[in-house]
Amino acid sequence: MTRAATTERDRVEALRTLDLPRRARPDEIRARYIALARALHPDLNPGDAEKAARFQSIAAAYEVLRRYHRDLTPAVDASARQPDRYDPAWWRAFGHMV
């Protein structure tokens with residue numbers, strides 16, 4: 001089962017959901033997601049359906065952006081891997097999820 005690639009339109013909509021500009025860097029995206037997730041988490045706002053729905057939408061938007069940035073980094077054959085061929089910004093922003 002293959003997953004459809006994240007399109008530019010998906011990326012822009014996800015950035016809009018997180019109230020970020022189109023040129024937001026991965027570290028800005030992650031910081032905004034964490035701030036919103038902490039403020040809107042259902043455990044901190046029990047019984048508030050509106051905040052729970054917003055939390056779900058920002059989580060989905062972050063996943064779209066995470067996939068988008070992961071797909072930008074080309075997969076390298078394990079036998080041809082070179083230790084210096086990775087994007088440090090990507091690993092700082094999303095490496096903890098790998």
# chains A, B, ... in the order shown; residues from 1 in each chain; ligands from 1
>>> residues_around(residues="Arg11 (chain A)", least_positions_apart="3", cutoff="9 Å", atoms="only C-alpha atoms", output="PDB file with C-alpha atoms, in the first residue's frame")
ATOM      1  CA  THR A   6       2.033  15.396  -0.153  1.00  0.00           C
ATOM      2  CA  THR A   7       1.251  18.159  -2.607  1.00  0.00           C
ATOM      3  CA  GLU A   8       2.119  21.827  -2.394  1.00  0.00           C
ATOM      4  CA  ALA A  14      -1.452  22.778   6.684  1.00  0.00           C
ATOM      5  CA  LEU A  15       0.568  25.964   7.180  1.00  0.00           C
ATOM      6  CA  ARG A  16      -2.659  27.964   7.139  1.00  0.00           C
ATOM      7  CA  ARG A  22       4.320  29.878   3.457  1.00  0.00           C
ATOM      8  CA  ALA A  61      -1.622  19.530   9.694  1.00  0.00           C
ATOM      9  CA  VAL A  64       1.211  16.575   6.618  1.00  0.00           C
ATOM     10  CA  LEU A  65       4.134  18.969   7.058  1.00  0.00           C
ATOM     11  CA  TYR A  68       6.297  16.743   3.284  1.00  0.00           C
TER      12      TYR A  68
END
>>> residues_around(residues="Ala52 (chain A)", least_positions_apart="4", cutoff="7 Å", atoms="only C-alpha atoms", output="compact mmCIF listing (two decimals) with N, CA and C atoms, in the first residue's frame")
# COMPACT_ATOMS: atom_id res chain seq x y z
N LEU A 40 -4.21 23.50 23.41
CA LEU A 40 -5.49 22.92 23.00
C LEU A 40 -5.66 21.45 23.37
N HIS A 41 -4.71 20.86 24.05
CA HIS A 41 -4.78 19.43 24.32
C HIS A 41 -6.06 19.08 25.10
N PRO A 42 -6.76 18.03 24.68
CA PRO A 42 -8.02 17.66 25.36
C PRO A 42 -7.86 17.31 26.84
N ASP A 48 -14.38 20.37 26.28
CA ASP A 48 -14.43 21.45 25.28
C ASP A 48 -14.25 20.83 23.89
N GLN A 56 -7.18 18.24 16.95
CA GLN A 56 -7.08 17.19 15.93
C GLN A 56 -6.67 17.77 14.58
>>> residues_around(residues="Arg30 (chain A)", least_positions_apart="6", cutoff="12 Å", atoms="only C-alpha atoms", output="PyMOL selection string")
chain A and resi 15+18+20+24+36-37+58-59+61-63+65-66+69+89-97
>>> atom_distance(atom1="CA of Phe55 (chain A)", atom2="CA of Ala39 (chain A)")
8.8 Å
>>> select_by_dssp(residues="region 17-57 of chain A", states="helix (DSSP H, G or I)", output="VMD selection string")
chain A and resid 17 26 to 40 49 to 57
>>> write_last_selection(atoms="C-alpha atoms", output="short mmCIF file (atom, residue, chain, number, x, y, z; two decimals), in the first residue's frame")
data_model
loop_
_atom_site.label_atom_id
_atom_site.label_comp_id
_atom_site.auth_asym_id
_atom_site.auth_seq_id
_atom_site.Cartn_x
_atom_site.Cartn_y
_atom_site.Cartn_z
CA THR A 17 -4.13 25.65 9.80
CA PRO A 26 10.80 23.26 10.03
CA ASP A 27 11.88 24.59 13.43
CA GLU A 28 9.19 27.30 13.27
CA ILE A 29 6.59 24.70 12.30
CA ARG A 30 7.53 22.45 15.19
CA ALA A 31 7.55 25.31 17.72
CA ARG A 32 4.12 26.50 16.59
CA TYR A 33 2.71 22.98 16.70
CA ILE A 34 4.01 22.38 20.22
CA ALA A 35 2.62 25.71 21.45
CA LEU A 36 -0.82 25.04 19.96
CA ALA A 37 -0.86 21.42 21.11
CA ARG A 38 -0.09 22.43 24.68
CA ALA A 39 -2.81 25.07 24.66
CA LEU A 40 -5.49 22.92 23.00
CA ALA A 49 -15.33 19.89 21.94
CA GLU A 50 -14.24 22.96 19.94
CA LYS A 51 -10.69 22.85 21.33
CA ALA A 52 -10.55 19.07 20.86
CA ALA A 53 -11.51 19.46 17.18
CA ARG A 54 -8.92 22.22 16.71
CA PHE A 55 -6.30 20.00 18.38
CA GLN A 56 -7.08 17.19 15.93
CA SER A 57 -6.82 19.56 12.97
#
